[in-house]
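**Student:** I'd like to ask you about the structure that follows.
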Number of protein chains: 4
Amino acid sequence: MAVVEVTIAPLGTGTPSVSQYVAGCHRVLAKASDVKYQLTPMSTIIEGDLDRILEVIRQMHESPFAAGAQRVSTSIRIDDRRDKELTMAGKVKAVIDKLPGKSS
Amino acid sequence: MAVVEVTIAPLGTGTPSVSQYVAGCHRVLAKASDVKYQLTPMSTIIEGDLDRILEVIRQMHESPFAAGAQRVSTSIRIDDRRDKELTMAGKVKAVIDKLPGKSS
Amino acid sequence: MAVVEVTIAPLGTGTPSVSQYVAGCHRVLAKASDVKYQLTPMSTIIEGDLDRILEVIRQMHESPFAAGAQRVSTSIRIDDRRDKELTMAGKVKAVIDKLPGKSS
Amino acid sequence: MAVVEVTIAPLGTGTPSVSQYVAGCHRVLAKASDVKYQLTPMSTIIEGDLDRILEVIRQMHESPFAAGAQRVSTSIRIDDRRDKELTMAGKVKAVIDKLPGKSS
């Protein structure tokens with residue numbers, strides 16, 4: 001299991017807004033029933049089998065081109081741990097549990 | 001207003017776990033009452049005045065060294081928009097509103 | 001053609017030095033005769049067919065685990081342009097040509 | 001001493017090309033005589049005092065706005081090591097020295 005962050009941004013679209021392109025990527029992601037994901041203000045975080053996640057991200061990367069973009073910048077950050085299972089919820093809990101007076 | 005993502009990781013600490021270092025950074029962040037922030041499974045996202053955010057991040061960057069780390073990798077990603085106000089909630093809503101059948 | 005930046009770092013090894021792990025990744029990369037690449041002080045940049053590059057990066061990502069790491073953070077940044085060919089040399093020249101008094 | 005990678009990209013300009021904006025950032029950078037830097041196909045890498053570097057990057061971040069952009073995405077990656085001096089040349093040499101049959 002890996003946790004992967006992806007950010008996909010078109011360049012040169014003529015509008016500073018990218019939410020329609022991000023939504024397009026999420027329509028691709030929503031079809032992948034074998035991964036979990038979370039939309040954040042700066043990226044989308046995906047949890048699951050690493051190769052499956054990279055396959056889905058590769059499809060997401062094409063979405064802005066299909067919507068007319070000529071250039072796309074895609075950032076992928078993989079957190080891959082082999083000594084214990086890694087989940088989105090577990091990573092957040094591990095931090096929150098170490099903060100004074102906070103419960104997850 | 002800007003929205004900034006920060007990830008701070010110590011290298012060479014002898015343990016694959018970094019949550020205690022992330023928690024240390026959050027204790028610094030929690031003292032900054034003039035910014036809003038959100039912990040995600042892959043980063044911390046901060047909303048506020050850009051220069052104030054960078055000042056806080058600079059202090060957060062020192063936290064793993066204070067906890068004994070010898071090397072720290074800090075990634076900062078700034079989303080800075082001048083044609084309209086940018087907020088964490090607004091960015092997520094802008095995407096969700098464009099997804100079929102989802103409400104924020 | 002795409003230009004892709006990759007950074008691979010093990011977390012939790014007992015030493016702040018990561019050059020031996022980067023060198024291990026480069027031994028994998030060197031076997032891929034169908035891509036061009038450049039080592040920089042902060043990453044490795046690879047030029048070629050996007051899917052081939054991602055395949056090689058996936059193999060590079062395993063290298064630190066084979067060398068004993070328990071956790072690996074891999075960052076991949078894809079620059080993919082469909083309106084004109086993108087090369088490492090062309091991207092640098094495009095900037096330098098617009099700088100006062102500099103020639104590539 | 002730290003080594004910092006910066007990538008500055010405007011969003012929503014009418015052209016997929018960003019080299020003129022990168023060149024604008026480099027005109028700002030060129031005025032900072034107290035840091036060393038290297039242009040790569042995917043970023044600019046700067047070596048020097050961390051606070052001075054962040055100050056220069058903050059000025060570089062404004063350059064695309066001055067050139068008419070409405071939204072700018074700036075990525076900063078800090079490599080900060082306190083057990084030994086970190087230089088661009090030293091980081092590359094440390095990897096190359098560990099590669100079979102290669103000399104820096």
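Chain labels follow the order of the structure tokens: the first chain is A, the next B, and so on; residue numbering restarts at 1 in every chain, and ligands are counted from 1 in their shown order.
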Tell me as a PDB file with N, CA, C and O atoms, in the first residue's frame which residues belonging to chain C come within 10 Å of chain B, counting only C-alpha atoms.

**Tutor:**
ATOM      1  N   ALA C   9      14.177   9.705  -2.360  1.00  0.00           N
ATOM      2  CA  ALA C   9      14.913   9.804  -1.093  1.00  0.00           C
ATOM      3  C   ALA C   9      14.409   8.741  -0.120  1.00  0.00           C
ATOM      4  O   ALA C   9      13.203   8.603   0.089  1.00  0.00           O
ATOM      5  N   PRO C  10      15.320   7.973   0.488  1.00  0.00           N
ATOM      6  CA  PRO C  10      14.911   7.044   1.540  1.00  0.00           C
ATOM      7  C   PRO C  10      14.692   7.806   2.832  1.00  0.00           C
ATOM      8  O   PRO C  10      15.372   8.796   3.096  1.00  0.00           O
ATOM      9  N   LEU C  11      13.727   7.380   3.627  1.00  0.00           N
ATOM     10  CA  LEU C  11      13.511   7.995   4.942  1.00  0.00           C
ATOM     11  C   LEU C  11      13.916   6.993   6.018  1.00  0.00           C
ATOM     12  O   LEU C  11      13.651   5.781   5.882  1.00  0.00           O
ATOM     13  N   GLY C  12      14.575   7.493   7.055  1.00  0.00           N
ATOM     14  CA  GLY C  12      14.816   6.625   8.205  1.00  0.00           C
ATOM     15  C   GLY C  12      16.072   5.784   8.130  1.00  0.00           C
ATOM     16  O   GLY C  12      16.297   4.911   8.971  1.00  0.00           O
ATOM     17  N   THR C  13      16.901   6.037   7.113  1.00  0.00           N
ATOM     18  CA  THR C  13      18.192   5.336   7.120  1.00  0.00           C
ATOM     19  C   THR C  13      19.010   5.980   8.245  1.00  0.00           C
ATOM     20  O   THR C  13      18.693   7.084   8.698  1.00  0.00           O
ATOM     21  N   GLY C  14      20.074   5.397   8.643  1.00  0.00           N
ATOM     22  CA  GLY C  14      20.826   5.917   9.788  1.00  0.00           C
ATOM     23  C   GLY C  14      21.761   7.062   9.439  1.00  0.00           C
ATOM     24  O   GLY C  14      22.479   7.574  10.295  1.00  0.00           O
ATOM     25  N   THR C  15      21.764   7.511   8.187  1.00  0.00           N
ATOM     26  CA  THR C  15      22.709   8.560   7.794  1.00  0.00           C
ATOM     27  C   THR C  15      22.018   9.660   6.996  1.00  0.00           C
ATOM     28  O   THR C  15      21.151   9.369   6.178  1.00  0.00           O
ATOM     29  N   PRO C  16      22.439  10.916   7.217  1.00  0.00           N
ATOM     30  CA  PRO C  16      21.850  12.014   6.445  1.00  0.00           C
ATOM     31  C   PRO C  16      22.232  11.951   4.956  1.00  0.00           C
ATOM     32  O   PRO C  16      21.645  12.616   4.118  1.00  0.00           O
ATOM     33  N   SER C  17      23.257  11.174   4.641  1.00  0.00           N
ATOM     34  CA  SER C  17      23.713  11.097   3.252  1.00  0.00           C
ATOM     35  C   SER C  17      22.785  10.195   2.444  1.00  0.00           C
ATOM     36  O   SER C  17      22.401   9.121   2.896  1.00  0.00           O
ATOM     37  N   VAL C  18      22.444  10.656   1.232  1.00  0.00           N
ATOM     38  CA  VAL C  18      21.583   9.837   0.375  1.00  0.00           C
ATOM     39  C   VAL C  18      22.249   9.543  -0.963  1.00  0.00           C
ATOM     40  O   VAL C  18      21.669   8.860  -1.812  1.00  0.00           O
ATOM     41  N   ALA C  69      16.398   0.262   2.525  1.00  0.00           N
ATOM     42  CA  ALA C  69      15.512   1.294   3.079  1.00  0.00           C
ATOM     43  C   ALA C  69      14.136   0.694   3.351  1.00  0.00           C
ATOM     44  O   ALA C  69      13.698  -0.230   2.660  1.00  0.00           O
ATOM     45  N   GLN C  70      13.441   1.243   4.355  1.00  0.00           N
ATOM     46  CA  GLN C  70      12.096   0.758   4.698  1.00  0.00           C
ATOM     47  C   GLN C  70      11.008   1.706   4.176  1.00  0.00           C
ATOM     48  O   GLN C  70       9.854   1.346   4.071  1.00  0.00           O
ATOM     49  N   ARG C  71      11.405   2.945   3.869  1.00  0.00           N
ATOM     50  CA  ARG C  71      10.420   3.935   3.412  1.00  0.00           C
ATOM     51  C   ARG C  71      11.089   4.808   2.365  1.00  0.00           C
ATOM     52  O   ARG C  71      12.232   5.248   2.547  1.00  0.00           O
ATOM     53  N   VAL C  72      10.391   5.061   1.277  1.00  0.00           N
ATOM     54  CA  VAL C  72      10.966   5.868   0.184  1.00  0.00           C
ATOM     55  C   VAL C  72       9.958   6.927  -0.233  1.00  0.00           C
ATOM     56  O   VAL C  72       8.758   6.655  -0.387  1.00  0.00           O
ATOM     57  N   SER C  73      10.449   8.157  -0.368  1.00  0.00           N
ATOM     58  CA  SER C  73       9.645   9.252  -0.879  1.00  0.00           C
ATOM     59  C   SER C  73      10.148   9.559  -2.279  1.00  0.00           C
ATOM     60  O   SER C  73      11.317   9.911  -2.468  1.00  0.00           O
TER      61      SER C  73
END

**Student:** Just give me the gap between CA of Pro41 (chain C) and CA of Ala2 (chain C) in Å, one decimal is fine.

**Tutor:**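 So the two atoms, CA of Pro41 (chain C) and CA of Ala2 (chain C), lie 20.7 Å apart.
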
**Student:** Would you please give, as a compact mmCIF listing (two decimals) with C-alpha atoms, in the first residue's frame, all residues of chain D that DSSP assigns to alpha helix (DSSP H) based on the backbone?

**Tutor:**
# COMPACT_ATOMS: atom_id res chain seq x y z
CA SER D 19 10.23 30.75 -20.76
CA GLN D 20 9.67 34.52 -20.84
CA TYR D 21 8.41 34.38 -17.25
CA VAL D 22 11.34 32.20 -16.16
CA ALA D 23 13.71 34.67 -17.85
CA GLY D 24 12.02 37.47 -15.90
CA CYS D 25 12.66 35.59 -12.66
CA HIS D 26 16.29 35.11 -13.68
CA ARG D 27 16.73 38.85 -14.23
CA VAL D 28 15.73 39.26 -10.54
CA LEU D 29 18.04 36.42 -9.50
CA ALA D 30 20.98 37.84 -11.44
CA LEU D 50 18.96 29.87 3.41
CA ASP D 51 17.32 33.10 4.53
CA ARG D 52 18.99 35.07 1.74
CA ILE D 53 17.85 32.48 -0.82
CA LEU D 54 14.24 32.64 0.44
CA GLU D 55 14.38 36.44 0.25
CA VAL D 56 15.49 36.29 -3.40
CA ILE D 57 12.88 33.65 -4.24
CA ARG D 58 10.18 35.86 -2.72
CA GLN D 59 11.24 38.63 -5.14
CA MET D 60 11.37 36.17 -8.05
CA HIS D 61 7.80 35.05 -7.17
CA GLU D 62 6.53 38.58 -7.88
CA SER D 63 8.10 38.76 -11.35
CA PRO D 64 5.32 36.94 -13.30
CA PHE D 65 2.69 39.17 -11.65
CA ALA D 66 4.67 42.22 -12.80
CA MET D 88 25.61 22.10 -5.66
CA ALA D 89 28.93 20.76 -6.94
CA GLY D 90 29.48 18.60 -3.85
CA LYS D 91 26.04 16.98 -4.12
CA VAL D 92 26.57 16.00 -7.77
CA LYS D 93 30.14 14.77 -7.11
CA ALA D 94 28.95 12.62 -4.20
CA VAL D 95 26.65 10.71 -6.58
CA ILE D 96 28.99 10.54 -9.58

**Student:** Which neighbours of Thr44 (chain C) fall inside 9 Å, counting only C-alpha atoms, when residues of the same chain fewer than 5 positions from it are skipped, and could you give them as a ChimeraX atom specification?

**Tutor:** /C:4-7,26,37-39

**Student:** Kindly save the residues from that selection, with C-alpha atoms included, as a short mmCIF file (atom, residue, chain, number, x, y, z; two decimals), in the first residue's frame.

**Tutor:**
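Written out: again-v3.cif:
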data_model
loop_
_atom_site.label_atom_id
_atom_site.label_comp_id
_atom_site.auth_asym_id
_atom_site.auth_seq_id
_atom_site.Cartn_x
_atom_site.Cartn_y
_atom_site.Cartn_z
CA VAL C 4 10.31 14.61 -16.22
CA GLU C 5 12.08 15.45 -12.99
CA VAL C 6 12.46 12.73 -10.34
CA THR C 7 13.78 12.86 -6.80
CA HIS C 26 21.25 5.91 -11.53
CA TYR C 37 18.93 12.13 -18.59
CA GLN C 38 20.79 14.76 -16.58
CA LEU C 39 21.84 14.63 -12.91
#

**Student:** Give me the residues within 6 Å of Val3 (chain C) as a ChimeraX atom specification, counting only C-alpha atoms and dropping any in the same chain fewer than 2 places off.

**Tutor:** /C:46-47,79

**Student:** Keeping only all heavy atoms, write the selected residues to a file as a PDB file, in the first residue's frame.

**Tutor:**
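Output saved as part-v2.pdb:
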ATOM      1  N   ILE C  46      14.781  13.552 -16.836  1.00  0.00           N
ATOM      2  CA  ILE C  46      14.765  12.530 -17.878  1.00  0.00           C
ATOM      3  C   ILE C  46      13.910  13.012 -19.046  1.00  0.00           C
ATOM      4  O   ILE C  46      12.847  13.599 -18.848  1.00  0.00           O
ATOM      5  CB  ILE C  46      14.187  11.201 -17.327  1.00  0.00           C
ATOM      6  CG1 ILE C  46      14.901  10.781 -16.029  1.00  0.00           C
ATOM      7  CG2 ILE C  46      14.296  10.091 -18.375  1.00  0.00           C
ATOM      8  CD1 ILE C  46      14.275   9.594 -15.331  1.00  0.00           C
ATOM      9  N   GLU C  47      14.371  12.760 -20.253  1.00  0.00           N
ATOM     10  CA  GLU C  47      13.674  13.205 -21.466  1.00  0.00           C
ATOM     11  C   GLU C  47      13.364  11.968 -22.316  1.00  0.00           C
ATOM     12  O   GLU C  47      14.234  11.112 -22.505  1.00  0.00           O
ATOM     13  CB  GLU C  47      14.591  14.147 -22.254  1.00  0.00           C
ATOM     14  CG  GLU C  47      14.119  14.559 -23.623  1.00  0.00           C
ATOM     15  CD  GLU C  47      15.240  15.261 -24.407  1.00  0.00           C
ATOM     16  OE1 GLU C  47      15.837  16.215 -23.867  1.00  0.00           O
ATOM     17  OE2 GLU C  47      15.528  14.811 -25.534  1.00  0.00           O
ATOM     18  N   ASP C  79       6.558  17.461 -17.196  1.00  0.00           N
ATOM     19  CA  ASP C  79       6.255  18.588 -18.078  1.00  0.00           C
ATOM     20  C   ASP C  79       5.930  17.967 -19.437  1.00  0.00           C
ATOM     21  O   ASP C  79       6.820  17.428 -20.111  1.00  0.00           O
ATOM     22  CB  ASP C  79       7.454  19.537 -18.168  1.00  0.00           C
ATOM     23  CG  ASP C  79       7.119  20.784 -18.990  1.00  0.00           C
ATOM     24  OD1 ASP C  79       5.951  20.916 -19.429  1.00  0.00           O
ATOM     25  OD2 ASP C  79       8.027  21.625 -19.177  1.00  0.00           O
TER      26      ASP C  79
END

**Student:** What does the distance between CA of Thr40 (chain A) and CA of Ile8 (chain A) come to in Å, to one decimal place?

**Tutor:** 12.7 Å

**Student:** To one decimal place in Å, what is the distance between CA of Lys31 (chain B) and CA of Pro100 (chain A)?

**Tutor:**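 Separating CA of Lys31 (chain B) from CA of Pro100 (chain A) is a distance of 12.4 Å.
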
**Student:** Per DSSP on the backbone, filter chain B down to the residues in strand (DSSP E) and report them as a ChimeraX atom specification.

**Tutor:** /B:2-11,36-39,44-48,71-81
